[in-house]
Structure formats: C-alpha cells, structure tokens
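**Q** This is the structure I have questions about; it appears just below.
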Amino acid sequence: MAFTRKNVWANGGDFNDPTILWYARGVAAMQGRALNDQSGWRFFGAIHGFNQTKWQRVGAWSPNDPMPSSSDRATFWAQCQHGSWYFLPWHRGYLIALEAMIRDAIANMPGAPTDWALPYWNYFNPNQNALPPAFASPNWPDGQGNNPLFVTRRYGPDGNGNVFVPMDQVNEDALGDPPFVGPGQGASPGFGGITTGFNHSGRTHGGIEMQPHDMVHVLVGWVDQANQKGLMTDPDTAGLDPIFYLHHGNIDRLWEVWKGTPTAQGDPVSDPNWTNGPPNTGGQAFVMPMPGGTSMTYTPGQMSSLSTLNYTYDNMSPPAAAPQAVARLQRLGVPAPAAVALARSTAMAGPANVELLGANTQSIRLSGTEARTSLALDAAVKNKVAASLQATRAAAAAPPTAPDRVFLNLENVRGLSDAVAFSVYINLPEGEDPARHPELKAGSIGLFGVSTASERDGQHAGDGITYVLEITPIVDALHLSGALDPGQLHVRLVPLKPPVPDSAQISIGRISVYRQGS
Amino acid sequence: MRTERRVDAWLVLLGAASLAAWSALAFGGGELTLPAVCSASPTGAVSFELALVLESPMKLAGDWSLMLAAMMLPVVVAPLAHVRQRSFAKRRPRAMLLFLAGYAAAWMTAGFGLQALALALRWAMPAPLVCLGTAAAVATAWQVSPCKQWCLNRCHRRPPLAAFGMTADRDAFDFGLTNGTACVGACWALMLLPLFAGDNHLPAMIAFTLFVFAERLEGPAALAWRWRGPGRALRIIVAHARMPLAARN
C-alpha cells in the first residue's frame, strides 16, 4: 500500500481534517500504554532519547513505572543520530515505525483509514508558521481537557504558550548545498551531515540539521517564565511531544525536495559506511519496534529511496529561487546553465582544500543583550579567496572552477540551556539595528542539544557543538564593494530573546572562518 | 556519489615514524635494546643497584621514548588531526610538533614513575610470574573502573585552540600535555604488563598497542564500573569480513 504524507495545514490544521483526528486517536491509544510496552508513546519517545531525571521533571517518568528490560533498553532506546550523516535516514525509519504503530493502534476503531500517514508541518508556507490549531487546544472532538496532541510544556518563542516559528529565524539554505556529505573540518558540513565513521564525535551538525531542524525544536519548545524547558527543546524529551513527528515529517520531506534541486548530488549510496550504517564501523544497528511485537532493523541505504518504501509527499517541489551556489555564480556573472553545471562539477570534484582563514583570539560568553568579537584574517589566505573570486569574474562566460566558499565556525559552543537562539551578523555598522541589515546576517542558531553535549562525561566529552554558517555571499559582497576590511571581520551575536541569562553559561570556545576551495 | 578520502602526507609520516620505532625495537641491537627492566633477568631477581648499573637514566629514557613512539603514535592521530584542522596551514607542522612535544612530556614523566614502580614490584616480588600476575590484577581492576572511563573521556576532548602567535603555540603544547596526561591515566596499568613480559616483551607490546588503539575507537561514555575492551574493533572486523561473503552470495 502506498502512503502519502500531507500538509497538516491543508484543511485548516484542526480536527476537521481526519488525518489529524486519527493521529490524535492513535497517540491517545499509545499514551495509555506502560513505559515498558514497545508500542507505547513513552517507549517511542525514549527511542529518541531518555534521561530519567529530565523525564521525572517533566512528569513522563515516576519510580512506579515498569522499566523495560535491559535488553530492550540497549536495543531500542536513545538511538537518535545527531551531528551525523545518519541524521536523515535514522529519523526516516523512526517516522515509518511510529506510523505503523499509529495505524495498528487505530486499526480496530470504526472507520479508521488503513492508509493513514503522518501529516507534516511546513512552517515555510505562507501563514502556516503557527502551531496547527489541533495541537494548541486542550479540547478535542473525543473529549474535554484531554487532547493527546496538546502539550503544556510547549512554550513557543515568547515563553507563553503561543507557539509559532518566527520566519526571520529559519531558512532553507541547506537545500542549495550540492553534496550530501560536506568536507567538514571547518568547511561545509553538507546537506545531510559529515562523515561519522570510526571516530563518531557528533560535534558538528549538518546543514539541514542545523537549519531549520535545530532552530524549530528550540523555538517550539523554548522555556516558560519559570525557566522550565519545553519538551521539544531537549533531545532527551523531544520525542514525547506529538508535534515532533510533524516537524520531522517536514525535515524528511525537505530531504526529497533537496534531491529534486538542480545541483543536488544525491545520497552517498556508493559509500558502504553510509549505506550499511553504523554496523559497518562497529556501531549499533538501527532498530525500531513494530506492531505485533516484531521489530525493523534497517540501514541508511534502505531509507534512501522514499518511493521504494511506498511513501510520498503531496508536495516535493523545490524552491523557485535558484540554489544558493548557483545564485552566487550568477551574481558573479556566470550564465545560468553554466552556473548549475559548475556548481555540480565543483561539488563532485573530489576532496576540497579546506584551510583556516581567520579567528578571534579568545573564547566569548553570550549573555545579556549581545556579544561581539573580531576575527583577524591571515593575509595570504585572504588573498587566495580574493584571487579565486577574481578568476571567476575574469572568465565568467565559462569559468573552469567555482570560487572559494567561506564558512564561519562557532566552535565548542557550550552551555547549560538549550533554550537559546541567536543570529550572527558580520560587520554590522556600529549603532545600526540588526533587523535592518539582513544582507549582513550569517544565519541563526538554536542550541538544541547543547546542554547534553556540554556534559564532561557525556557522548561529546563536554566539547559542546560546533556550528558552521556559510558566509560566502557576505564575503563576496564585501569584497566586490571594497568594504572587506583587509585584516578583520567583526562578528556580532544577537539573541532572539534578550537578555540571555548568565545562568545559561553559554560560551563559544573560538569563532573562526575557513575557506573551502578546489 | 562517493565520498572520497585521501591519505595526507602527515599521516604517512606518522606511520613511517611508528614503523621505524617498531623496527628498532624488534631488530635493534646495541643502542636500541629493549628496555632494561623488561628484558633483564627474566628468571630471577633484579636489584635496584643492578638495574641502575646496567641502565643509565639516559638509556632508560631513550628506550622508553622508543617504546612511546612505537606504541602511542596510532592513538594520537585523531587529536593531531584536530590540531591540524584548527591551525593555519603555514603553522600546521609547528602546532602538530608542539602537540607531540606536550604529549611526549606527559608520557616521559610517567615513564620514570612506571619504571620505578616496575623495579619496586620486581624487587618486592622476585618471582616473575607473581609480578606479572600482580600487574595483570591491577590492570584489570583499573580497566573496569569509572576512573579509567574518566581518563578515556578526556582523551576524546577536542578543545578550542588559539590561532595566532605564542598563544597558539602554548595551546597546542597544552593540548598535547593534557591529552597525554589523560592517555597516561587510561593506559598506565596496561603499560605495566609489557614491562613484566620478559622474553615476550615485543609480542606484549604489540598486543598492548592493538588493544589501546581498539579501545580508543569507543566514544566517550558515562562513568561506571564495567568491562571495557576492543568490542567495536571486533565488530568492525566482523562486518568487513562479512562484506566480501555477502557480495559473493
């Protein structure tokens, strides 16, 4: 049977849409099951992440809960793949398993559809950035005050329960990155993430993972006035919120959208370390519980083709605007067809040369209303970037290679709170309102997972997360206008909701800039 | 698409240095003998005086540094890659050498302590098998302890590094020193075993090197009492052994 995932807002986003109503009924059935039940809602939440202290704090765990066997916990729980090229395929399998459980949970209810599939929440659609109404009310057609899709610990960016995605904080720029796997090492993390082989650190998030994935998690969950974290804000609790699966439905849809862009190289299916998944490098296989006490073990390779899995989306059309890499070449005078071909060939030209271009001199704290730092640039490396730009402009009709790309790195971002979001600006003039200078905005970052990544004896060894923002368009513009300071870049971090409390202890180990060239 | 990998010159250089050290240990005579404590008097007692007469501190330090180069270079690949990645291209060799200097400083300091400990054990327990058994018991206890995990987690740390001037030099050296210190903490007990292996010193060193390298493939983890071993490495071997079989079927 083929399954089609549809836009949750297609019919108003409320319970008049049968897809949403049946989701709620399925969730309600799953929520009624015990923690140790593989088909239970909390069991599924724990597949994404489980932390007993955090779960107890949000009321999802009590000492009376029957815990699953140690074997079940080792097999199924806390599998989520972040900071990894497995991010997309692992979550695809997770959604498929949940859908199977929902269909099974509603199967015996009168009138239940057999082809039910998760809706997705595309916050990028005009006027669809608000939480769908069915998720925002404690009441639903089957009851008063017990809507299973309603979560009190979902606070929204104002911390008052009004949940929406501020559109100036999210973007789809990752769709314009041609390779699935970026070179990393300070340069592009690619659309899907960087290679995580024998030394899986998970310290750098891939393009689509950082934006919009991380940011939407943080903005939807956020914290309340008493600084209580929303479920979506923390990877260890995010899977408990029913909106999680609609958000990931959209991320999964964007994977398909990316494949339809003119510059996308496709999945790394010829690399056995990706196709066969973590077992190829000694890691744990992806396993999901399925209805009837069965399970599904899967590999990224098996998740690559959505149609083979009998799934589709009602809309997978790519954005109308040219991918970022193409638009950039066009700005430099390269004709459109040649720009597409060049963007593709450059991305496929083998290992890129990546080197440090500049850095600040000491770690900085983000607290209060903003943080500032300056990066000194190495003159010789900066000249390489400038030379590559000039070479492309000089041979714009048919340049042999694309010019260098430039990436800003926020290294070793650590802190105690995930509910922090901020925008990064380059060379913002003194006294200017950042909102009036979108052309100088490098990007926005939501610190999803930072607190866990900052634990000294956690999976990240306390190193935090490194965020990579492409600043090629800004550097191009500064260079072409002659406004690029020969020796420095000035970086300003502007919190979405100032002040950032000191108690969050947000620190950035180093801010650096890298060039990625041929 | 296929993700391409290339072998950098510095990796080749590192591999060559390690191989050279192994060759010197395996085939070297005269100046490049096995460390005295490991090879001297495998069947009987050894005294502090005799050990010090047979081997000057300089000779002990030389032998120890050779062992270090042979055994530890494989586990510094990952932190060295971090140093390289976070440094300007023109400063990479200097930063990597400073890291190695810091790392070696930690292990050389530890070397004196470990050799003194080995001598003391040998003096207190003249029977070689008793010495070896005691070292094995200590190594096993350390291996399963949360303290070992604490050290391993710090081996996996990749701190921010300054990019410019003396601060960059200091950061690279400090990173080497702290990484080396964590490595000493993780490996000191295992390192005792080759020191008591007598004539089997070289095979014991090879086994130690493989074990430590395999162990380092595991990621950071919560502190706990549990067995830690080369499980991931074994799973990798099994997975790659199965691949040709699967391709044939």
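A note on labels: chains of the structure tokens are A, B, ... as shown, every chain counts residues from 1, and ligands are counted from 1 in their shown order.
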Extract the full set of alpha helix (DSSP H) residues from segment 47-217 of chain B according to DSSP on the backbone, and format it as a ChimeraX atom specification.
**A** /B:48-54,57-72,77-85,92-124,128-143,146-155,165-195,201-215
**Q** Please write the residues from the selection above to a file, keeping C-alpha atoms, as a short mmCIF file (atom, residue, chain, number, x, y, z; two decimals), in the first residue's frame.
**A**
data_model
loop_
_atom_site.label_atom_id
_atom_site.label_comp_id
_atom_site.auth_asym_id
_atom_site.auth_seq_id
_atom_site.Cartn_x
_atom_site.Cartn_y
_atom_site.Cartn_z
CA PHE B 48 67.76 -1.53 42.07
CA GLU B 49 71.53 -1.24 42.12
CA LEU B 50 71.97 -3.75 39.32
CA ALA B 51 69.28 -2.14 37.22
CA LEU B 52 70.81 1.28 37.64
CA VAL B 53 74.30 -0.04 36.88
CA LEU B 54 73.10 -1.84 33.77
CA PRO B 57 68.75 7.04 33.25
CA MET B 58 69.55 8.38 29.80
CA LYS B 59 69.46 4.89 28.35
CA LEU B 60 66.17 4.16 30.11
CA ALA B 61 64.73 7.41 28.79
CA GLY B 62 65.90 6.59 25.28
CA ASP B 63 64.37 3.13 25.35
CA TRP B 64 61.19 4.49 26.84
CA SER B 65 60.85 7.15 24.15
CA LEU B 66 61.31 4.48 21.50
CA MET B 67 58.52 2.43 23.06
CA LEU B 68 56.40 5.54 23.19
CA ALA B 69 56.93 6.33 19.51
CA ALA B 70 56.10 2.77 18.55
CA MET B 71 53.06 2.26 20.72
CA MET B 72 51.40 5.62 21.07
CA VAL B 77 46.14 10.52 15.02
CA ALA B 78 42.71 11.88 16.00
CA PRO B 79 43.89 14.68 18.31
CA LEU B 80 46.66 15.58 15.86
CA ALA B 81 44.05 15.88 13.11
CA HIS B 82 42.20 18.31 15.38
CA VAL B 83 45.34 20.41 15.84
CA ARG B 84 45.97 20.42 12.12
CA GLN B 85 42.39 21.36 11.32
CA ARG B 92 50.34 23.18 11.00
CA PRO B 93 53.74 21.40 11.25
CA ARG B 94 54.79 23.60 14.16
CA ALA B 95 51.48 23.15 16.01
CA MET B 96 51.50 19.39 15.49
CA LEU B 97 55.08 19.09 16.72
CA LEU B 98 54.21 21.14 19.79
CA PHE B 99 51.27 18.86 20.47
CA LEU B 100 53.56 15.85 20.18
CA ALA B 101 56.07 17.52 22.49
CA GLY B 102 53.40 18.06 25.14
CA TYR B 103 52.09 14.54 24.70
CA ALA B 104 55.60 13.08 24.95
CA ALA B 105 56.36 15.20 28.03
CA ALA B 106 53.42 13.62 29.84
CA TRP B 107 54.46 10.10 28.89
CA MET B 108 58.17 10.62 29.54
CA THR B 109 57.39 11.87 33.02
CA ALA B 110 55.10 8.94 33.54
CA GLY B 111 57.80 6.65 32.19
CA PHE B 112 60.13 7.35 35.09
CA GLY B 113 57.34 6.66 37.55
CA LEU B 114 56.23 3.48 35.83
CA GLN B 115 59.74 2.11 35.51
CA ALA B 116 60.40 2.88 39.16
CA LEU B 117 57.13 1.16 40.06
CA ALA B 118 58.11 -1.82 37.93
CA LEU B 119 61.51 -2.04 39.59
CA ALA B 120 59.94 -1.76 43.02
CA LEU B 121 57.47 -4.52 42.24
CA ARG B 122 60.21 -6.69 40.87
CA TRP B 123 62.28 -6.09 43.98
CA ALA B 124 59.37 -6.84 46.29
CA PRO B 128 58.42 -13.02 37.52
CA LEU B 129 55.05 -14.75 37.31
CA VAL B 130 53.95 -13.21 40.59
CA CYS B 131 54.98 -9.81 39.29
CA LEU B 132 53.12 -10.36 36.04
CA GLY B 133 50.05 -11.66 37.89
CA THR B 134 50.03 -8.66 40.20
CA ALA B 135 50.33 -6.28 37.26
CA ALA B 136 47.53 -8.10 35.45
CA ALA B 137 45.28 -7.83 38.51
CA VAL B 138 45.99 -4.11 38.84
CA ALA B 139 45.40 -3.57 35.12
CA THR B 140 42.10 -5.47 35.23
CA ALA B 141 40.85 -3.54 38.23
CA TRP B 142 41.74 -0.24 36.58
CA GLN B 143 40.24 -1.38 33.29
CA PRO B 146 34.99 4.51 36.42
CA CYS B 147 38.39 6.20 36.80
CA LYS B 148 39.53 4.58 33.58
CA GLN B 149 36.45 5.93 31.79
CA TRP B 150 37.09 9.37 33.26
CA CYS B 151 40.53 9.32 31.66
CA LEU B 152 39.27 7.91 28.36
CA ASN B 153 36.64 10.65 28.14
CA ARG B 154 39.37 13.25 28.49
CA CYS B 155 41.36 11.52 25.76
CA GLY B 165 51.36 33.63 17.92
CA MET B 166 52.63 32.38 21.24
CA THR B 167 49.12 31.66 22.43
CA ALA B 168 48.66 29.20 19.59
CA ASP B 169 51.97 27.54 20.47
CA ARG B 170 51.01 27.31 24.12
CA ASP B 171 47.56 25.91 23.32
CA ALA B 172 48.99 23.21 21.06
CA PHE B 173 51.53 22.19 23.70
CA ASP B 174 48.93 22.31 26.48
CA PHE B 175 46.54 20.18 24.45
CA GLY B 176 49.31 17.63 23.94
CA LEU B 177 50.15 17.70 27.63
CA THR B 178 46.54 17.27 28.81
CA ASN B 179 45.80 14.66 26.16
CA GLY B 180 48.98 12.82 27.07
CA THR B 181 48.17 13.01 30.77
CA ALA B 182 44.71 11.59 30.12
CA CYS B 183 46.33 8.89 27.99
CA VAL B 184 48.72 8.03 30.83
CA GLY B 185 45.73 7.81 33.16
CA ALA B 186 43.92 5.48 30.77
CA CYS B 187 46.91 3.28 29.93
CA TRP B 188 49.36 3.25 32.85
CA ALA B 189 48.13 -0.02 34.32
CA LEU B 190 48.10 -1.80 30.97
CA MET B 191 51.57 -0.42 30.29
CA LEU B 192 52.91 -2.35 33.26
CA LEU B 193 52.18 -5.66 31.55
CA PRO B 194 54.82 -5.44 28.81
CA LEU B 195 57.32 -4.39 31.47
CA HIS B 201 58.17 -8.23 25.68
CA LEU B 202 57.74 -7.46 21.98
CA PRO B 203 54.55 -9.52 21.44
CA ALA B 204 53.16 -7.99 24.63
CA MET B 205 53.88 -4.51 23.31
CA ILE B 206 52.15 -5.32 20.03
CA ALA B 207 49.12 -6.69 21.89
CA PHE B 208 49.07 -3.62 24.12
CA THR B 209 49.21 -1.28 21.12
CA LEU B 210 46.38 -3.04 19.31
CA PHE B 211 44.27 -3.12 22.47
CA VAL B 212 44.76 0.56 23.25
CA PHE B 213 44.11 1.60 19.66
CA ALA B 214 40.95 -0.54 19.53
CA GLU B 215 39.78 0.74 22.88
#
**Q** Which chain A residues have any atom within 9 Å of an atom of chain B, and for each, what is the nearest pair of atoms with distance in Å to one decimal, counting only C-alpha atoms, rows sorted by chain and number, as CSV?
**A**
residue,atom,partner,partner_atom,distance
A:Pro179,CA,B:Met1,CA,8.4
A:Phe180,CA,B:Met1,CA,8.7
A:Val181,CA,B:Thr3,CA,7.2
A:Gly182,CA,B:Thr3,CA,8.8
A:Pro183,CA,B:Thr3,CA,8.9
A:Gln185,CA,B:Gln85,CA,6.0
A:Gly186,CA,B:Gln85,CA,7.5
A:Thr195,CA,B:Thr3,CA,8.5
A:Phe198,CA,B:Leu217,CA,6.1
A:Asn199,CA,B:Leu217,CA,6.2
A:His200,CA,B:Gly219,CA,7.0
A:Ser201,CA,B:Gly219,CA,7.3
A:Gln265,CA,B:Met1,CA,6.4
A:Gly266,CA,B:Met1,CA,6.5
A:Asp267,CA,B:Met1,CA,6.7
A:Pro268,CA,B:Met1,CA,5.1
A:Val269,CA,B:Met1,CA,6.7
A:Ser270,CA,B:Arg2,CA,5.3
A:Asp271,CA,B:Arg2,CA,5.5
A:Pro279,CA,B:Ala239,CA,6.8
A:Asn280,CA,B:Ala239,CA,5.7
A:Thr281,CA,B:Ile236,CA,5.3
A:Gly282,CA,B:Ile236,CA,4.5
A:Gly283,CA,B:Arg232,CA,6.8
A:Met348,CA,B:Met1,CA,7.8
A:Gly350,CA,B:Glu4,CA,6.2
A:Pro351,CA,B:Glu4,CA,6.2
A:Val354,CA,B:Gln85,CA,8.5
A:Glu355,CA,B:Ala89,CA,6.3
A:Leu356,CA,B:Phe88,CA,5.1
A:Leu357,CA,B:Phe88,CA,7.1
A:Gly358,CA,B:Ala163,CA,7.8
A:Ala359,CA,B:Ala163,CA,6.5
A:Asn360,CA,B:Ala163,CA,7.9
A:Thr361,CA,B:Ala162,CA,6.2
A:Gln362,CA,B:Ala162,CA,7.2
A:Ser363,CA,B:Pro160,CA,8.3
A:Asp378,CA,B:Phe88,CA,8.2
A:Val381,CA,B:Phe88,CA,8.8
A:Glu411,CA,B:Pro160,CA,6.8
A:Asn412,CA,B:Pro160,CA,6.5
A:Arg456,CA,B:Asn153,CA,7.7
A:Asp457,CA,B:Ala222,CA,5.4
A:Gly458,CA,B:Ala221,CA,5.6
A:Gln459,CA,B:Pro220,CA,5.0
A:His460,CA,B:Pro220,CA,6.7
A:Ala461,CA,B:Asn153,CA,5.6
A:Gly462,CA,B:Arg157,CA,7.3
A:Asp463,CA,B:Arg157,CA,6.4
A:Ile508,CA,B:Pro160,CA,8.9
A:Gly509,CA,B:Pro160,CA,5.4
A:Arg510,CA,B:Pro160,CA,5.9
A:Ser512,CA,B:Arg86,CA,8.8
**Q** For segment 41-50 of chain A, work out the shell of residues within 6 Å, counting only C-alpha atoms and skipping chain neighbours fewer than 2 positions away, then give it as an mmCIF file with C-alpha atoms, in the first residue's frame.
**A**
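around.cif written:
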data_model
loop_
_atom_site.group_PDB
_atom_site.id
_atom_site.type_symbol
_atom_site.label_atom_id
_atom_site.label_comp_id
_atom_site.auth_asym_id
_atom_site.auth_seq_id
_atom_site.Cartn_x
_atom_site.Cartn_y
_atom_site.Cartn_z
ATOM 1 C CA MET A 30 -0.297 4.759 22.649
ATOM 2 C CA GLN A 31 -0.174 7.177 25.569
ATOM 3 C CA LEU A 35 6.575 2.615 29.735
ATOM 4 C CA GLN A 38 7.239 -1.367 22.958
ATOM 5 C CA PHE A 76 15.845 0.462 21.211
ATOM 6 C CA TRP A 77 16.376 3.442 23.491
ATOM 7 C CA ALA A 78 18.433 6.591 22.956
ATOM 8 C CA GLN A 79 19.313 5.812 19.360
ATOM 9 C CA CYS A 80 18.835 9.238 17.819
ATOM 10 C CA ASP A 236 16.043 13.690 25.581
ATOM 11 C CA GLY A 239 10.102 12.570 21.208
ATOM 12 C CA LEU A 240 7.346 12.897 23.824
#
**Q** From the options A:Glu439, A:Asp241, A:Asp418, A:Asp433, which residue's atoms come nearest to Val223 of chain A, counting only C-alpha atoms?
**A** A:Asp418
